[in-house]
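Asks: Encoded as structure tokens, here's the structure I'll be asking about.
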There are 2 protein chains.
Amino acid sequence: MNKHGGYYGDNDIIDFSVNINPFGYPKGIESYIIKTLKEINKYPEIDGVTSKKYIANNLGVNHENIIIGNGAIELIYLYAKLFINKDIVVIQPTFNEYQRAFAPYNCRLINYITMEEEEFKINASKLMSFLKEIKPDLVILCNPNNPTGSFMPYEEMLEIFKYSKEENISWLIDESFIDFTDKESAIKYISEYPLFIVHSLTKFFGVPGLRIGYGIASKEVINKLHKYKEPWSLNSFALNLLPVIINDYDYIAKTKRWINKERKYLFDSLSAIKDISVFETKTNFFLCKYLLSSTIELQDKLLQKGIYIRTCEDFVGLGNNYFRIAIKSREDNDKLIEILKEI
Amino acid sequence: MNKHGGYYGDNDIIDFSVNINPFGYPKGIESYIIKTLKEINKYPEIDGVTSKKYIANNLGVNHENIIIGNGAIELIYLYAKLFINKDIVVIQPTFNEYQRAFAPYNCRLINYITMEEEEFKINASKLMSFLKEIKPDLVILCNPNNPTGSFMPYEEMLEIFKYSKEENISWLIDESFIDFTDKESAIKYISEYPLFIVHSLTKFFGVPGLRIGYGIASKEVINKLHKYKEPWSLNSFALNLLPVIINDYDYIAKTKRWINKERKYLFDSLSAIKDISVFETKTNFFLCKYLLSSTIELQDKLLQKGIYIRTCEDFVGLGNNYFRIAIKSREDNDKLIEILKEI
């Protein structure tokens, strides 16, 4: 079974392994694609400046602070090229692709592991001591974090950011899931501290097949990245749809209403199941712990009942009794709860 | 003006700078995209094995010899990651992206320059001596070559390939334009020699906006590349359309008929213009030399008449009086000839 999540078998399976918006994509996308179909016969705009200006306007930054990517993942792999032979701290447990992205560059990867006992939250003073000891070139933070769902408020990080600036420590902050939270992004700190922030449109807008993401940083960092970036990495549809979807305020509002309600509902429902502990989340998925046996067994049993979950044994710092589930529609969530109770 | 080619201004401009098939894309693409629109709500198949099997079948190799890319360009940038701190020979003048792709990796780039006096053809014995002297880790060959249109038959390269194997010299062979020729690919040599061959579907099938390419090599090289490859780099449409378009034999046959006829027609017409020399091409574009002044002036004059050409002053080994034109429809080609004669 693939380890990213995403069940490719029977279409009747409800897939809780993929953390994407259950509303499908914004309605305007289909008609827009049909209307602009002939664009595939042209190269996409080489610097994508039109879309960058829309994003910049939306975020209240300059378009020179923006880089767009074939999904956030392209930008993570691109940023890695700036860190050949460097020392990198990864705040774990987290998304495995960071390690993979930096692997080719002879980096030393050092894990800073957050603890279950502390609900996988970052303790700012512990992290500061760790950084003072290691003095890395880069720290990688997924915030909110996949798969734990925890969020570190940036106000608590300011001392660390200040120290990082003094010591020339960069930060890669992956905010791919921040749109599902009510938390403030680190964007407002890009001119002050050495941060590179990546955002994904895939999850919130339900378009993993289109591949759209963007990064935000100081003009210096963005220019350095553009120097190494492949041309035309976004296809025409992704590039042209970017302004359309980020301005779909109805879809955004509807999603925010759903997530606030459903997050609480699913948390309460999962908490009521005695063989499972569930960790608080700030975003659209829950990390859970199965108290009876390994989650591979649980995954098998659920699959027989038409439900697919993401087991977490491949995350650094998590054992073989953790699993992750996306928050889905009320109907699907109820089905999950019902079957978990049965099992 | 952007240096890739592709005029983004007035739509009435006939763009001779972009080397893509003038027939538009295969007809089935539009209906296929409309039919499969909802796929954007899913992650593309993570390893793309379904499409790989189609390509493999088409080429008569195993699907483990195939890697697919977000355009051939992704694969060139990916392959570069295998050559950190290495010595690389680039056969020039050629596509500028090779230099850019390898730039981040502290490579030593050494140009082997083919000469106008030899019609930009590779002289195998000269190249062999050069490689014996330099002993590089990699040689980059664009074949047929952009922008010169020349093609080096692989039968003439076998001694060099043999030597390369003995001396552990790899080859990146970009065959992005080979489908426009009647020449045989190097694919049949992948098990014998250390070659990585890239193909583009962008140009031949007229879909630069979709971003589709693939690479062919020994299983060992492909596995190494997959280790470093970003996941989900092709969008759903590109991934799913791959089998559809490579099997559109009518489109392929129609394109082959057009290129054979129009290549000869345009060559003869250009040769008849006294202030221009035109170099023989094996593919769908011509390198030309303007004998009167710099091509920047010529480009300006042509633009005033509704024609955009690619000037070549940024190619290594070419001066400011070369330009490149794509072979287009008879009507467009006639218009170009007529205006060139006027000027």
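Letters for chains follow the order of the structure tokens (A, B, ...), residue numbers begin at 1 for each chain, and ligand numbers begin at 1 in the order shown.
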So that I can check the surroundings of Ser164 in chain B, please list as a PDB file with C-alpha atoms, in the first residue's frame every protein, DNA and RNA residue that reaches within 12 Å of it, counting only C-alpha atoms and ignoring chain neighbours fewer than 3 positions away.
Replies:
ATOM      1  CA  LEU B 127      34.939  14.709 -30.065  1.00  0.00           C
ATOM      2  CA  MET B 128      36.651  11.472 -29.016  1.00  0.00           C
ATOM      3  CA  LEU B 131      36.731  13.492 -24.273  1.00  0.00           C
ATOM      4  CA  LYS B 132      40.028  11.658 -23.867  1.00  0.00           C
ATOM      5  CA  ILE B 134      38.895  16.149 -20.544  1.00  0.00           C
ATOM      6  CA  LYS B 135      37.672  12.827 -19.132  1.00  0.00           C
ATOM      7  CA  PRO B 136      34.364  14.309 -17.998  1.00  0.00           C
ATOM      8  CA  ASP B 137      31.715  12.582 -15.883  1.00  0.00           C
ATOM      9  CA  LEU B 138      28.907  13.506 -18.247  1.00  0.00           C
ATOM     10  CA  VAL B 139      28.363  14.659 -21.826  1.00  0.00           C
ATOM     11  CA  MET B 157      28.872   7.407 -31.992  1.00  0.00           C
ATOM     12  CA  LEU B 158      29.382   3.763 -31.069  1.00  0.00           C
ATOM     13  CA  GLU B 159      33.142   4.044 -30.527  1.00  0.00           C
ATOM     14  CA  ILE B 160      32.557   7.057 -28.303  1.00  0.00           C
ATOM     15  CA  PHE B 161      29.794   5.285 -26.377  1.00  0.00           C
ATOM     16  CA  GLU B 167      35.693   5.427 -18.597  1.00  0.00           C
ATOM     17  CA  ASN B 168      32.432   5.808 -16.681  1.00  0.00           C
ATOM     18  CA  ILE B 169      31.270   8.817 -18.696  1.00  0.00           C
ATOM     19  CA  SER B 170      27.480   9.218 -18.719  1.00  0.00           C
ATOM     20  CA  TRP B 171      25.440  10.779 -21.524  1.00  0.00           C
ATOM     21  CA  GLU B 192      24.573  -1.382 -23.444  1.00  0.00           C
ATOM     22  CA  TYR B 193      25.793   2.150 -22.748  1.00  0.00           C
ATOM     23  CA  PRO B 194      25.364   4.709 -19.908  1.00  0.00           C
ATOM     24  CA  LEU B 195      22.741   6.868 -21.636  1.00  0.00           C
TER      25      LEU B 195
END
Asks: Skip range 224-227 of chain B itself and residues of its chain fewer than 4 positions away, then list as a PDB file with N, CA, C and O atoms, in the first residue's frame all residues within 9 Å of it, counting only C-alpha atoms.
Replies:
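The resulting file, result.pdb, is reproduced below:
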ATOM      1  N   ARG A 100      13.430  13.512   2.243  1.00  0.00           N
ATOM      2  CA  ARG A 100      13.690  13.036   0.902  1.00  0.00           C
ATOM      3  C   ARG A 100      14.189  14.174   0.008  1.00  0.00           C
ATOM      4  O   ARG A 100      15.088  14.001  -0.808  1.00  0.00           O
ATOM      5  N   PRO A 104      19.545  14.353  -1.470  1.00  0.00           N
ATOM      6  CA  PRO A 104      20.602  14.332  -2.477  1.00  0.00           C
ATOM      7  C   PRO A 104      21.771  15.273  -2.198  1.00  0.00           C
ATOM      8  O   PRO A 104      22.779  15.204  -2.870  1.00  0.00           O
TER       9      PRO A 104
ATOM     10  N   ILE B  67      10.946   6.896 -16.879  1.00  0.00           N
ATOM     11  CA  ILE B  67      10.571   7.857 -15.831  1.00  0.00           C
ATOM     12  C   ILE B  67       9.774   8.954 -16.525  1.00  0.00           C
ATOM     13  O   ILE B  67      10.108   9.341 -17.653  1.00  0.00           O
ATOM     14  N   LEU B  75      12.989  16.408 -16.037  1.00  0.00           N
ATOM     15  CA  LEU B  75      13.903  15.270 -16.005  1.00  0.00           C
ATOM     16  C   LEU B  75      15.353  15.717 -16.163  1.00  0.00           C
ATOM     17  O   LEU B  75      16.264  15.142 -15.579  1.00  0.00           O
ATOM     18  N   LEU B  78      16.259  17.046 -12.848  1.00  0.00           N
ATOM     19  CA  LEU B  78      16.372  15.931 -11.912  1.00  0.00           C
ATOM     20  C   LEU B  78      17.688  15.184 -12.104  1.00  0.00           C
ATOM     21  O   LEU B  78      18.398  14.874 -11.133  1.00  0.00           O
ATOM     22  N   TYR B  79      18.021  14.919 -13.357  1.00  0.00           N
ATOM     23  CA  TYR B  79      19.248  14.187 -13.682  1.00  0.00           C
ATOM     24  C   TYR B  79      20.475  14.960 -13.172  1.00  0.00           C
ATOM     25  O   TYR B  79      21.455  14.361 -12.735  1.00  0.00           O
ATOM     26  N   LYS B  81      20.894  16.388 -10.510  1.00  0.00           N
ATOM     27  CA  LYS B  81      21.174  16.107  -9.089  1.00  0.00           C
ATOM     28  C   LYS B  81      22.161  14.958  -8.905  1.00  0.00           C
ATOM     29  O   LYS B  81      22.727  14.792  -7.834  1.00  0.00           O
ATOM     30  N   LEU B  82      22.331  14.151  -9.942  1.00  0.00           N
ATOM     31  CA  LEU B  82      23.272  13.030  -9.839  1.00  0.00           C
ATOM     32  C   LEU B  82      24.711  13.470 -10.113  1.00  0.00           C
ATOM     33  O   LEU B  82      25.620  12.656 -10.045  1.00  0.00           O
ATOM     34  N   LYS B 219      17.567   0.367 -15.899  1.00  0.00           N
ATOM     35  CA  LYS B 219      16.808   0.312 -14.659  1.00  0.00           C
ATOM     36  C   LYS B 219      17.586   0.969 -13.501  1.00  0.00           C
ATOM     37  O   LYS B 219      16.997   1.645 -12.661  1.00  0.00           O
ATOM     38  N   GLU B 220      18.895   0.810 -13.493  1.00  0.00           N
ATOM     39  CA  GLU B 220      19.719   1.358 -12.401  1.00  0.00           C
ATOM     40  C   GLU B 220      19.625   2.883 -12.379  1.00  0.00           C
ATOM     41  O   GLU B 220      19.455   3.491 -11.320  1.00  0.00           O
TER      42      GLU B 220
END
Asks: Per residue of chain A within 6 Å of chain B, record the nearest atom pair and its distance in Å to one decimal, counting only C-alpha atoms, with rows in chain order and ascending residue number, as a Markdown table.
Replies:
| residue | atom | partner | partner_atom | distance |
| --- | --- | --- | --- | --- |
| A:Ile40 | CA | B:Gly209 | CA | 3.8 |
| A:Asn41 | CA | B:Val207 | CA | 4.8 |
| A:Lys42 | CA | B:Gly209 | CA | 5.4 |
| A:Tyr43 | CA | B:Pro208 | CA | 4.8 |
| A:Pro44 | CA | B:Gly209 | CA | 5.5 |
| A:Gly206 | CA | B:Asn41 | CA | 5.5 |
| A:Val207 | CA | B:Asn41 | CA | 4.8 |
| A:Pro208 | CA | B:Tyr43 | CA | 4.8 |
| A:Gly209 | CA | B:Ile40 | CA | 3.8 |
| A:Leu210 | CA | B:Asn235 | CA | 5.2 |
| A:Arg211 | CA | B:Asn235 | CA | 5.9 |
| A:Asn235 | CA | B:Leu210 | CA | 5.2 |
| A:Ser236 | CA | B:Gly209 | CA | 4.8 |
Asks: Write the residues of the selection above to a file with N, CA, C and O atoms, as a PDB file, in the first residue's frame.
Replies:
ATOM      1  N   ILE A  40      -3.682  24.975 -23.665  1.00  0.00           N
ATOM      2  CA  ILE A  40      -2.653  23.928 -23.594  1.00  0.00           C
ATOM      3  C   ILE A  40      -1.756  23.944 -24.815  1.00  0.00           C
ATOM      4  O   ILE A  40      -0.692  23.356 -24.813  1.00  0.00           O
ATOM      5  N   ASN A  41      -2.186  24.629 -25.858  1.00  0.00           N
ATOM      6  CA  ASN A  41      -1.376  24.733 -27.070  1.00  0.00           C
ATOM      7  C   ASN A  41      -0.274  25.801 -26.967  1.00  0.00           C
ATOM      8  O   ASN A  41       0.544  25.967 -27.847  1.00  0.00           O
ATOM      9  N   LYS A  42      -0.283  26.534 -25.848  1.00  0.00           N
ATOM     10  CA  LYS A  42       0.750  27.572 -25.643  1.00  0.00           C
ATOM     11  C   LYS A  42       1.593  27.230 -24.424  1.00  0.00           C
ATOM     12  O   LYS A  42       1.099  26.603 -23.480  1.00  0.00           O
ATOM     13  N   TYR A  43       2.828  27.697 -24.418  1.00  0.00           N
ATOM     14  CA  TYR A  43       3.610  27.613 -23.187  1.00  0.00           C
ATOM     15  C   TYR A  43       2.937  28.451 -22.115  1.00  0.00           C
ATOM     16  O   TYR A  43       2.433  29.539 -22.411  1.00  0.00           O
ATOM     17  N   PRO A  44       2.930  27.962 -20.852  1.00  0.00           N
ATOM     18  CA  PRO A  44       2.423  28.813 -19.769  1.00  0.00           C
ATOM     19  C   PRO A  44       3.315  30.062 -19.663  1.00  0.00           C
ATOM     20  O   PRO A  44       4.483  30.013 -20.042  1.00  0.00           O
ATOM     21  N   GLY A 206      -9.120  21.447  -2.756  1.00  0.00           N
ATOM     22  CA  GLY A 206      -9.487  20.136  -3.304  1.00  0.00           C
ATOM     23  C   GLY A 206      -8.997  19.870  -4.718  1.00  0.00           C
ATOM     24  O   GLY A 206      -9.692  19.236  -5.503  1.00  0.00           O
ATOM     25  N   VAL A 207      -7.785  20.347  -5.067  1.00  0.00           N
ATOM     26  CA  VAL A 207      -7.290  20.152  -6.426  1.00  0.00           C
ATOM     27  C   VAL A 207      -5.900  19.493  -6.489  1.00  0.00           C
ATOM     28  O   VAL A 207      -5.003  19.992  -7.175  1.00  0.00           O
ATOM     29  N   PRO A 208      -5.732  18.341  -5.806  1.00  0.00           N
ATOM     30  CA  PRO A 208      -4.410  17.697  -5.861  1.00  0.00           C
ATOM     31  C   PRO A 208      -3.998  17.307  -7.279  1.00  0.00           C
ATOM     32  O   PRO A 208      -2.807  17.212  -7.564  1.00  0.00           O
ATOM     33  N   GLY A 209      -4.974  17.098  -8.161  1.00  0.00           N
ATOM     34  CA  GLY A 209      -4.645  16.713  -9.531  1.00  0.00           C
ATOM     35  C   GLY A 209      -4.123  17.865 -10.373  1.00  0.00           C
ATOM     36  O   GLY A 209      -3.518  17.659 -11.411  1.00  0.00           O
ATOM     37  N   LEU A 210      -4.352  19.105  -9.920  1.00  0.00           N
ATOM     38  CA  LEU A 210      -3.921  20.259 -10.721  1.00  0.00           C
ATOM     39  C   LEU A 210      -2.505  20.708 -10.411  1.00  0.00           C
ATOM     40  O   LEU A 210      -1.826  21.233 -11.262  1.00  0.00           O
ATOM     41  N   ARG A 211      -2.075  20.499  -9.154  1.00  0.00           N
ATOM     42  CA  ARG A 211      -0.721  20.861  -8.715  1.00  0.00           C
ATOM     43  C   ARG A 211      -0.518  22.378  -8.650  1.00  0.00           C
ATOM     44  O   ARG A 211      -0.031  22.992  -9.587  1.00  0.00           O
ATOM     45  N   ASN A 235       1.433  23.780 -15.068  1.00  0.00           N
ATOM     46  CA  ASN A 235       0.697  23.653 -16.319  1.00  0.00           C
ATOM     47  C   ASN A 235      -0.260  24.844 -16.465  1.00  0.00           C
ATOM     48  O   ASN A 235      -0.536  25.559 -15.502  1.00  0.00           O
ATOM     49  N   SER A 236      -0.762  25.053 -17.692  1.00  0.00           N
ATOM     50  CA  SER A 236      -1.609  26.230 -17.962  1.00  0.00           C
ATOM     51  C   SER A 236      -2.804  26.323 -17.033  1.00  0.00           C
ATOM     52  O   SER A 236      -3.162  27.392 -16.560  1.00  0.00           O
TER      53      SER A 236
END
Asks: Let me make sure I understand: among B:Asp174, B:Glu297, B:Asp179, B:Glu184, which one has the smallest atom-to-atom distance to Ile197 in chain B if we use only C-alpha atoms?
Replies: B:Asp174
Asks: Among the residues of range 25-119 of chain B, find those DSSP assigns to strand (DSSP E) from the backbone and print them as an MDAnalysis selection string.
Replies: chainID B and resid 66:69 87:92 108:113
Asks: Between CA of Asp275 in chain B and CA of Ile343 in chain B, what is the spacing in Å?
Replies: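 That distance, rounded to one decimal, is 9.6 Å.
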Asks: Just give me the gap between CA of Cys142 in chain A and CA of His199 in chain A in Å, one decimal is fine.
Replies: 10.7 Å
Asks: Tell me, which residues of range 208-322 of chain B carry DSSP alpha helix (DSSP H), written as a PyMOL selection string?
Replies: chain B and resi 219-228+236-246+249-271+295-304
Asks: I'd like the neighbourhood of Val244 in chain A as a PyMOL selection string, where a residue qualifies if any of its atoms comes within 10 Å (using only C-alpha atoms), though same-chain residues fewer than 6 positions away should be ignored.
Replies: chain A and resi 26+28-29+32+51+54
Asks: Which residues, written as JSON, numbers by chain, have at least one atom at most 6 Å from Tyr322 in chain B, with only C-alpha atoms counted and residues fewer than 5 positions away on the same chain left out?
Replies: {"B": [288, 289, 312]}
Asks: Between CA of Leu291 in chain B and CA of Ile122 in chain B, what is the spacing in Å?
Replies: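 For CA of Ile122 in chain B relative to CA of Leu291 in chain B, the distance reads 24.3 Å.
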